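A.B. asks: I'd like to ask you about the structure that follows.
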Amino acid sequence: MQVTSRYFRTTAREALLDEDLRAAMGRAEGGFIDTRKMAVEELENFEEYREFARKTKNHVLAHLDYYLTQFESNVLASGGQVHWAGNGEEVNRIVLDICRRPDIRKITKGKSMVSEESALNAGLEAAGFEVVETDLGEYIIQLARETPSHIIAPAVHKTRQAVTDLFDEHHREAGYSRVVERLDIVNQARQVLRDHFCTADVGITGANFLIADTGSIALITNEGNGDLTANLPNIHVVVTSIEKVIPDMLALGGFLRLLGRSATGQIMSVYTTLFNGPRRIDDLDGPEEFHVVLVDSGRSEILGTQFRDILRCIKCGACMNHCPVYTSVGGHAYGWVYPGPMGSVLTPLMVGQKKAPDLPYACTLNGRCKTVCPVMIPLPDLLREHRNNLVEMGQTGVVQRWGMWLWSIVARKPVLYSMMTSLYVLKLNLLARMVPAFQRGSFKYIPMMGAWTSSRDFPVPQASTFQSQWKKRALHD
Amino acid sequence: MTDSRARVLGTIRKTLNRTEQSPLVDSPPSVPSPRYRTPLPADVVEQFSLMHKRVHGTFEAVGCLQDVPQAVRRYLNEQSIPIKAVISPEPELSSIEWTGLDVESRASNREDASSVTMAFAGIAETGTLVMVSSRESPVNHHFLPEFNIAVLKQSRLVDSMESLWPLIGEQPRAINLITGPSKTADIEQTIVYGAHGPRTLHVILVRDVVS
Amino acid sequence: MSATASPPKTEQVALLVTCLSDLFRPQIAHAAVELIEKFGYWVDVPRQTCCGQPAFNAGEKDKTRILAENMISLFESYRYVIAPSGSCAATIKVHYPELFSEGSPEHEQCMKLGEKTHELSGFLVDVAKAALEKKSLPDARSMRIAYHDSCSGLRELGIRSQPRKLLGDRLGVDISEMSNSEVCCGFGGLFCVKYPEISTRMVDNKIVGIEKAEADVLLGGDLGCLMNIAGRLRRLGSETRVYHYAELLTDSDPGPAIGYQK
């Protein structure tokens, strides 16, 4: 997928002016947060599960080669095929190689964020295949020619009105009428997509977990689109990434108690399916071929850095649901596949820091994401690590660099500091006295501080600094 | 793509400061047992039905397998749909006398409005149906029809997922853990049932356990 | 207090004034001194600069380290170090140790300093076991007070019940809780000037919560957040007044709110 993260500042500003987005995000924010809270509070030892998940993922990451090869040999044993992809180009080439057969034309897709990384849909379409996204949210944004703005609710930014218009535009020709009510919209999508499900030649899905000791793919959805995508066509291709492997089914149970609750406040998602290879000899349905594409795309490198913790991510979306920056600007401003806190950590690592210079700073370090992360990723700390790296590489702006330098000189010397601060307070007080409008205790404008005063008043300081007042008190005593 | 395999595994080993395959020196952490603030009903049937209803499923219990056709008929009547269904070609379902019902035992297709399936097990903690695929239990029965009726024997109820795994011997092609009917919240984050899979999920519990 | 009566430093409480209070609202630091002294502690204010929080959050680890070393030598001999700000206290308590490698003498010093560093309300309630006497504010009963939980104090130090307890004891009123009391106000230090539009949206969201709670007064424990919220409220012409919680706990009248003058 094309990276537009460097335009964060501009796109975020535009997003703030989008009233539809504001309405859509406002609705989503409350829903996600409240339902999660209720579901989490019900499980008394939720924290114990978070700790379990953190430790399990750390354990797997420390033995990643062991678990991946174990997983691979079990997939092979169940009759599936395993493909390794070092980068996005290889992902697309592998999938194209599987699909390039005379009788293959239509491909259905279940939601897969990993396939968004390499813009697999565009690659398949360029090669002449018809690609149909089947998750309702993904289908909507496919019609709108957009990208997901949330990792589990890809069309969260779309209002119902927008969906009504989109469906009308795209379905009218096939004889469908304009639908306004939610149920009618969903029903129409059901009918349209049912045709695609039943006529697809290949189904591509992602995976939520890879179970090493059985070679199973765990796929979790609420709509059931993942299963119809996987079961109906003759070929099922799973595009997934290497960090999703977990040891066994027992571990899966632990993760399932966290995932649904964290993502949507569900105790359990509707469909949790474990796939083990292709259709068996006497099975009445299921695909003849089963392929697993294991994608690296920089993850093995991240493993060796101070950012390893981000590889624990199980893509639940709780961090973005609880991020006040994300809920203000929406997912598209982040400019790549993964938005919100986990995206701000991951994107610079996967596309290069130079292509996403703003993301590590697009955060107030308020820490709410860290407290809801089911695998306890210290997201604010990792964003600060990014900032450290940018400083070390000299990649911060001139103003910040010199400002910080000057400030650190002053802050190092208490006498100089107290002089400068006293002077500053004096200056502001003089300014306040000069301009009558400021005498009511607040500045409407201060030179060089427009970024603050453009939308906020700034308080006129009380007469002198505390430390100079304290010195007087000490002398007096 | 063997090159990529070597490269990916090579990078992993390099970043983990190893030259060859890591031996597993420690076992993975064990999974905690869940503790609920409001304790779940002690009786697994009650627990299952409570959790299943919470996710918009419907539930009834019958005395024996022979009572199933009548329950299915009644249910389909309530839904105002034709009294016919595709059933899993499974010995117990096939042994039932399906009087007054038009049933076909085969793989399902998109014309089938309703299906009757036999659950491999049920998980009480979450109200989840467990379906294990085989010649006798095709997978599409759970997804294609609009109305899915699952027969669950009380003896197959387990308390949690942890108790389920030992019951499954060799891995089948697919294990479907199904918790309620299909749904979506992709339009304005408001739940609508029947997104792609069944709109309704009705469980008929057969009391095959002598109390 | 006379100089001769002063106990050894190891018995004294050092006040970490915090830059913002030092510069813009000394009244908060005075209130902190009064409250700590009320429970029999001797308060000292060694000449100080900044804990380094802005540098730390900007990714300037080297510069923060120098400031941290300054702060350690300045404060390590005191019995307690108290700050009327959750984020400054958390910088010392939580983040200083991250600046030095584990096992180094500096790391050890940071850990020790961290142990005795507290946010003001946390210190008063959890350490000094303070029970404040009720004071009679003429309009306290009819006043609706909302409380903004500043992020650092809340999530890094667990400050939530402490200021509410102090306020309840002292004013005899319950907090009118906002549904978004634990959501960031958009200040975020440099964030608010780096991304002013996003920051403004965030503070506007906060103000929706304040309005829903129909608060006459908004309190909080971190002056940065309070200046942000007060500045926006004032710009929007709101009647709601903003104070640091400590200002309402003292014996004297709190005077004009943040951004107002007599």
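Residue numbering restarts at 1 for every chain of the structure tokens, chains are lettered A, B, ... in their displayed order, and ligands are numbered from 1 as they appear.
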If we count only C-alpha atoms, what is near stretch 247-257 of chain C at a cut-off of 8 Å, once residues fewer than 4 positions away on the same chain are taken out, given as an MDAnalysis selection string?

C.D. replies: chainID C and resid 27:28 31 34:35 135 166:167 170:171 241:243 261:262

A.B. asks: Would you mind listing what lies within 9 Å of C:Ala58 as a PyMOL selection string, with only C-alpha atoms counted and same-chain residues fewer than 4 positions away left out?

C.D. replies: (chain A and resi 361+384+387-388+391+400+404) or (chain C and resi 53-54+190)

A.B. asks: Output C-alpha atoms of each residue in that selection to a file, as a PDB file, in the first residue's frame.

C.D. replies:
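The result, written out as result.pdb:
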ATOM      1  CA  TYR A 361       4.972  12.620  17.766  1.00  0.00           C
ATOM      2  CA  ARG A 384       9.307   7.640  22.835  1.00  0.00           C
ATOM      3  CA  ARG A 387      11.633   9.911  19.191  1.00  0.00           C
ATOM      4  CA  ASN A 388      14.961   8.996  20.764  1.00  0.00           C
ATOM      5  CA  VAL A 391      16.943  12.744  17.819  1.00  0.00           C
ATOM      6  CA  GLN A 400      13.009  21.692  18.106  1.00  0.00           C
ATOM      7  CA  MET A 404      15.897  21.993  23.166  1.00  0.00           C
TER       8      MET A 404
ATOM      9  CA  GLN C  53      10.131  15.987  31.341  1.00  0.00           C
ATOM     10  CA  PRO C  54       9.872  18.018  28.110  1.00  0.00           C
ATOM     11  CA  LEU C 190       4.956  19.914  23.058  1.00  0.00           C
TER      12      LEU C 190
END

A.B. asks: Could you list, as a ChimeraX atom specification, every residue within 12 Å of C:Glu177, counting only C-alpha atoms and ignoring same-chain residues fewer than 3 positions away?

C.D. replies: /C:144-149,160,164,173-174,180-182,209-215,217-219

A.B. asks: Figure out the distance between atom CA of B:Ala121 and atom CA of B:Arg156, please, to one decimal in Å.

C.D. replies: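 Interatomic distance, atom CA of B:Arg156 to atom CA of B:Ala121: 4.7 Å.
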
A.B. asks: As a PyMOL selection string, please: every residue in stretch 105-150 of chain C that a backbone DSSP assignment puts in strand (DSSP E or B).

C.D. replies: chain C and resi 117-119+145-148

A.B. asks: Those same residues, written as a PDB file, in the first residue's frame with N, CA and C atoms?

C.D. replies:
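Result went into out.pdb, see below:
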ATOM      1  N   THR C 117       9.757   9.935  46.162  1.00  0.00           N
ATOM      2  CA  THR C 117       9.103  10.995  45.414  1.00  0.00           C
ATOM      3  C   THR C 117       7.604  10.704  45.295  1.00  0.00           C
ATOM      4  N   HIS C 118       6.785  11.704  45.567  1.00  0.00           N
ATOM      5  CA  HIS C 118       5.334  11.506  45.525  1.00  0.00           C
ATOM      6  C   HIS C 118       4.632  12.702  44.899  1.00  0.00           C
ATOM      7  N   GLU C 119       3.511  12.423  44.301  1.00  0.00           N
ATOM      8  CA  GLU C 119       2.613  13.501  43.896  1.00  0.00           C
ATOM      9  C   GLU C 119       1.931  13.986  45.177  1.00  0.00           C
ATOM     10  N   ILE C 145     -18.459  20.701  41.281  1.00  0.00           N
ATOM     11  CA  ILE C 145     -17.034  20.566  40.993  1.00  0.00           C
ATOM     12  C   ILE C 145     -16.783  19.312  40.155  1.00  0.00           C
ATOM     13  N   ALA C 146     -16.120  19.484  39.021  1.00  0.00           N
ATOM     14  CA  ALA C 146     -15.703  18.326  38.217  1.00  0.00           C
ATOM     15  C   ALA C 146     -14.200  18.143  38.382  1.00  0.00           C
ATOM     16  N   TYR C 147     -13.734  16.924  38.139  1.00  0.00           N
ATOM     17  CA  TYR C 147     -12.303  16.665  38.310  1.00  0.00           C
ATOM     18  C   TYR C 147     -11.725  16.005  37.061  1.00  0.00           C
ATOM     19  N   HIS C 148     -10.653  16.599  36.538  1.00  0.00           N
ATOM     20  CA  HIS C 148      -9.961  16.018  35.382  1.00  0.00           C
ATOM     21  C   HIS C 148      -8.769  15.212  35.879  1.00  0.00           C
TER      22      HIS C 148
END

A.B. asks: How far is it from atom CA of A:Met342 to atom CA of A:Met113, in Å with one decimal?

C.D. replies: 13.3 Å

A.B. asks: Taking into account only C-alpha atoms, which residue in the set B:Gly10, B:Gly197, B:Gly100, B:Gly63 is nearest to B:Pro145?

C.D. replies: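 Counting only C-alpha atoms, the residue closest to B:Pro145 is B:Gly197.
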
A.B. asks: Taking the chain letters and numbering used in this document, name the residues of stretch 22-113 of chain C that DSSP puts in alpha helix (DSSP H), as a VMD selection string.

C.D. replies: chain C and resid 22 to 24 26 to 38 53 to 57 61 to 75 86 to 90 96 to 99 105 to 113

A.B. asks: Please produce a file of those selected residues containing N, CA and C atoms, as a compact mmCIF listing (two decimals), in the first residue's frame.

C.D. replies:
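Writing done, so here's selection_31.txt:
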# COMPACT_ATOMS: atom_id res chain seq x y z
N ASP C 22 6.03 27.40 39.09
CA ASP C 22 7.04 28.41 39.40
C ASP C 22 6.80 29.66 38.55
N LEU C 23 6.58 29.45 37.27
CA LEU C 23 6.46 30.57 36.33
C LEU C 23 5.09 31.24 36.37
N PHE C 24 4.04 30.43 36.31
CA PHE C 24 2.73 31.01 36.02
C PHE C 24 1.77 31.05 37.21
N PRO C 26 2.44 30.55 41.15
CA PRO C 26 3.13 30.22 42.41
C PRO C 26 2.16 29.81 43.51
N GLN C 27 0.93 30.27 43.40
CA GLN C 27 -0.06 29.97 44.43
C GLN C 27 -0.22 28.46 44.66
N ILE C 28 -0.02 27.68 43.58
CA ILE C 28 -0.14 26.22 43.73
C ILE C 28 0.97 25.69 44.63
N ALA C 29 2.19 26.17 44.40
CA ALA C 29 3.32 25.71 45.21
C ALA C 29 3.14 26.17 46.66
N HIS C 30 2.65 27.41 46.84
CA HIS C 30 2.39 27.87 48.21
C HIS C 30 1.36 26.98 48.89
N ALA C 31 0.34 26.62 48.15
CA ALA C 31 -0.70 25.76 48.72
C ALA C 31 -0.10 24.41 49.11
N ALA C 32 0.78 23.90 48.26
CA ALA C 32 1.41 22.61 48.55
C ALA C 32 2.22 22.71 49.84
N VAL C 33 2.98 23.79 49.99
CA VAL C 33 3.78 23.97 51.21
C VAL C 33 2.87 24.00 52.44
N GLU C 34 1.80 24.78 52.33
CA GLU C 34 0.89 24.90 53.47
C GLU C 34 0.31 23.55 53.88
N LEU C 35 -0.08 22.77 52.88
CA LEU C 35 -0.70 21.48 53.17
C LEU C 35 0.29 20.50 53.79
N ILE C 36 1.51 20.50 53.26
CA ILE C 36 2.50 19.56 53.79
C ILE C 36 2.88 19.96 55.22
N GLU C 37 3.04 21.28 55.43
CA GLU C 37 3.40 21.76 56.78
C GLU C 37 2.31 21.46 57.79
N LYS C 38 1.08 21.49 57.31
CA LYS C 38 -0.06 21.24 58.19
C LYS C 38 0.06 19.90 58.90
N GLN C 53 11.24 16.66 32.03
CA GLN C 53 10.13 15.99 31.34
C GLN C 53 9.98 16.37 29.86
N PRO C 54 10.03 17.67 29.53
CA PRO C 54 9.87 18.02 28.11
C PRO C 54 10.96 17.38 27.24
N ALA C 55 12.18 17.39 27.73
CA ALA C 55 13.28 16.80 26.96
C ALA C 55 13.08 15.30 26.83
N PHE C 56 12.67 14.67 27.92
CA PHE C 56 12.49 13.22 27.90
C PHE C 56 11.43 12.82 26.88
N ASN C 57 10.32 13.54 26.88
CA ASN C 57 9.24 13.21 25.96
C ASN C 57 9.55 13.59 24.52
N LYS C 61 17.24 12.05 25.21
CA LYS C 61 17.64 11.27 26.38
C LYS C 61 18.90 11.83 27.04
N ASP C 62 19.86 12.24 26.20
CA ASP C 62 21.13 12.73 26.76
C ASP C 62 20.91 13.97 27.62
N LYS C 63 20.10 14.88 27.09
CA LYS C 63 19.84 16.11 27.83
C LYS C 63 19.07 15.82 29.12
N THR C 64 18.14 14.89 29.03
CA THR C 64 17.37 14.54 30.22
C THR C 64 18.29 13.97 31.30
N ARG C 65 19.23 13.15 30.85
CA ARG C 65 20.14 12.50 31.78
C ARG C 65 20.91 13.53 32.61
N ILE C 66 21.36 14.59 31.94
CA ILE C 66 22.11 15.64 32.66
C ILE C 66 21.22 16.30 33.71
N LEU C 67 19.98 16.59 33.31
CA LEU C 67 19.05 17.22 34.26
C LEU C 67 18.72 16.27 35.40
N ALA C 68 18.58 15.00 35.06
CA ALA C 68 18.27 14.01 36.08
C ALA C 68 19.40 13.96 37.12
N GLU C 69 20.63 13.99 36.63
CA GLU C 69 21.75 13.96 37.57
C GLU C 69 21.73 15.17 38.49
N ASN C 70 21.39 16.35 37.91
CA ASN C 70 21.24 17.56 38.73
C ASN C 70 20.22 17.35 39.83
N MET C 71 19.07 16.82 39.41
CA MET C 71 17.96 16.66 40.34
C MET C 71 18.32 15.66 41.44
N ILE C 72 19.02 14.60 41.05
CA ILE C 72 19.39 13.60 42.05
C ILE C 72 20.26 14.23 43.13
N SER C 73 21.28 14.97 42.71
CA SER C 73 22.18 15.52 43.73
C SER C 73 21.46 16.59 44.56
N LEU C 74 20.47 17.22 43.95
CA LEU C 74 19.74 18.27 44.66
C LEU C 74 18.78 17.68 45.71
N PHE C 75 18.17 16.56 45.37
CA PHE C 75 17.06 16.05 46.19
C PHE C 75 17.35 14.78 46.99
N GLY C 86 1.39 15.37 38.81
CA GLY C 86 1.59 13.95 38.58
C GLY C 86 2.65 13.68 37.54
N SER C 87 2.71 14.51 36.51
CA SER C 87 3.63 14.20 35.42
C SER C 87 5.09 14.45 35.83
N CYS C 88 5.33 15.50 36.67
CA CYS C 88 6.71 15.74 37.12
C CYS C 88 7.14 14.64 38.09
N ALA C 89 6.23 14.28 39.01
CA ALA C 89 6.57 13.20 39.95
C ALA C 89 6.84 11.91 39.20
N ALA C 90 6.02 11.64 38.16
CA ALA C 90 6.19 10.39 37.41
C ALA C 90 7.49 10.40 36.61
N TYR C 96 13.05 8.26 35.34
CA TYR C 96 14.49 8.44 35.61
C TYR C 96 15.26 7.11 35.53
N PRO C 97 14.74 6.05 36.15
CA PRO C 97 15.51 4.79 36.11
C PRO C 97 15.74 4.28 34.68
N GLU C 98 14.85 4.69 33.74
CA GLU C 98 15.01 4.23 32.36
C GLU C 98 16.19 4.91 31.67
N LEU C 99 16.70 5.96 32.29
CA LEU C 99 17.78 6.72 31.65
C LEU C 99 19.15 6.09 31.86
N PRO C 105 25.44 2.73 39.35
CA PRO C 105 25.16 3.50 40.58
C PRO C 105 24.08 4.55 40.35
N GLU C 106 24.06 5.16 39.14
CA GLU C 106 23.05 6.19 38.87
C GLU C 106 21.64 5.58 38.91
N HIS C 107 21.54 4.38 38.33
CA HIS C 107 20.23 3.71 38.33
C HIS C 107 19.77 3.46 39.76
N GLU C 108 20.70 3.02 40.56
CA GLU C 108 20.42 2.76 41.97
C GLU C 108 19.93 4.05 42.65
N GLN C 109 20.63 5.16 42.36
CA GLN C 109 20.24 6.45 42.95
C GLN C 109 18.83 6.85 42.50
N CYS C 110 18.53 6.60 41.21
CA CYS C 110 17.21 6.94 40.68
C CYS C 110 16.13 6.15 41.39
N MET C 111 16.41 4.87 41.60
CA MET C 111 15.42 4.04 42.27
C MET C 111 15.14 4.56 43.68
N LYS C 112 16.23 4.93 44.37
CA LYS C 112 16.07 5.43 45.73
C LYS C 112 15.29 6.74 45.76
N LEU C 113 15.66 7.64 44.81
CA LEU C 113 14.95 8.92 44.73
C LEU C 113 13.48 8.68 44.39

A.B. asks: Set the cut-off to 6 Å and count only C-alpha atoms: what are the residues of chain A that reach chain C? Output as a ChimeraX atom specification.

C.D. replies: /A:364,366,384,387-388,411,414,440-442,451-452,456-459,461-462,465-466

A.B. asks: Looking at B:Ala150, B:Cys64, B:Ile81, B:Ile178, which one is nearest to chain A, with distances taken over only C-alpha atoms?

C.D. replies: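 Ranked by minimum distance to chain A, first place goes to B:Ile178.
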
A.B. asks: Atom CA of A:Ala207 and atom CA of A:Thr56 are how many Å apart?

C.D. replies: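 Straight-line distance from atom CA of A:Ala207 to atom CA of A:Thr56 works out to 18.1 Å.
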
A.B. asks: So, counting only C-alpha atoms, which residue among A:Leu406, A:Pro380, A:Leu61, A:Asp283 is closest to B:Pro89?

C.D. replies: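 Between A:Leu406, A:Pro380, A:Leu61, A:Asp283, the residue approaching B:Pro89 most closely is A:Asp283.
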
A.B. asks: Got a sec: who's within 9 Å of stretch 179-187 of chain A, counting only C-alpha atoms, leaving out chain neighbours fewer than 5 positions off, as a tab-separated table (two decimals) with N, CA and C atoms, in the first residue's frame?

C.D. replies:
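In the end it all went to part29.tsv:
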chain	number	residue	atom	x	y	z
A	136	LEU	N	-18.18	-6.96	5.29
A	136	LEU	CA	-19.03	-5.85	4.86
A	136	LEU	C	-18.28	-4.53	4.85
A	160	ARG	N	-23.97	5.99	7.43
A	160	ARG	CA	-24.95	5.15	6.76
A	160	ARG	C	-25.35	5.77	5.42
A	161	GLN	N	-25.50	7.08	5.44
A	161	GLN	CA	-25.86	7.81	4.22
A	161	GLN	C	-24.84	7.52	3.12
A	163	VAL	N	-22.98	4.94	2.78
A	163	VAL	CA	-23.11	3.55	2.31
A	163	VAL	C	-24.33	3.43	1.39
A	164	THR	N	-25.40	4.08	1.77
A	164	THR	CA	-26.61	4.09	0.92
A	164	THR	C	-26.26	4.57	-0.49
A	165	ASP	N	-25.55	5.67	-0.57
A	165	ASP	CA	-25.18	6.23	-1.87
A	165	ASP	C	-24.26	5.29	-2.65
A	167	PHE	N	-23.94	1.99	-2.38
A	167	PHE	CA	-24.67	0.80	-2.83
A	167	PHE	C	-25.54	1.14	-4.03
A	168	ASP	N	-26.19	2.31	-3.95
A	168	ASP	CA	-27.06	2.73	-5.03
A	168	ASP	C	-26.26	2.85	-6.33
A	192	VAL	N	-25.79	-9.68	-2.77
A	192	VAL	CA	-24.77	-9.41	-3.77
A	192	VAL	C	-23.55	-10.30	-3.55
B	184	THR	N	-23.06	-8.34	12.08
B	184	THR	CA	-22.10	-7.32	11.67
B	184	THR	C	-22.43	-6.03	12.39
B	187	ILE	N	-22.17	-1.14	9.84
B	187	ILE	CA	-22.93	0.07	9.54
B	187	ILE	C	-23.19	0.79	10.85
B	188	GLU	N	-22.53	1.89	11.01
B	188	GLU	CA	-22.70	2.75	12.19
B	188	GLU	C	-22.55	2.02	13.51
B	190	THR	N	-23.65	-0.52	14.72
B	190	THR	CA	-24.87	-1.04	15.32
B	190	THR	C	-25.07	-2.46	14.82
B	192	VAL	N	-26.38	-5.83	13.41
B	192	VAL	CA	-27.45	-6.38	12.58
B	192	VAL	C	-27.15	-7.88	12.45
B	193	TYR	N	-28.16	-8.72	12.65
B	193	TYR	CA	-27.93	-10.17	12.56
B	193	TYR	C	-28.14	-10.67	11.14
B	194	GLY	N	-27.42	-11.73	10.83
B	194	GLY	CA	-27.56	-12.34	9.51
B	194	GLY	C	-26.73	-11.65	8.45
B	195	ALA	N	-25.46	-11.42	8.74
B	195	ALA	CA	-24.61	-10.73	7.78
B	195	ALA	C	-24.34	-11.61	6.56
B	196	HIS	N	-23.63	-12.70	6.75
B	196	HIS	CA	-23.37	-13.63	5.64
B	196	HIS	C	-23.80	-15.04	6.01

A.B. asks: May I ask which of the residues A:Leu274, A:Val95, A:Met249, A:Ile107 is the closest one to B:Met131, counting only C-alpha atoms?

C.D. replies: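 Smallest distance to B:Met131 is found for A:Leu274.
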
A.B. asks: B:Val210, B:Val130, B:Ile149, B:Ala61: which is nearest chain A, counting only C-alpha atoms?

C.D. replies: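 Of B:Val210, B:Val130, B:Ile149, B:Ala61, the one nearest chain A, counting only C-alpha atoms, is B:Val130.
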
A.B. asks: Kindly indicate which residue among C:Glu76, C:Glu102, C:Asp169, C:Asp216 lies nearest to C:Ala130, using only C-alpha atoms for the distances.

C.D. replies: C:Asp169
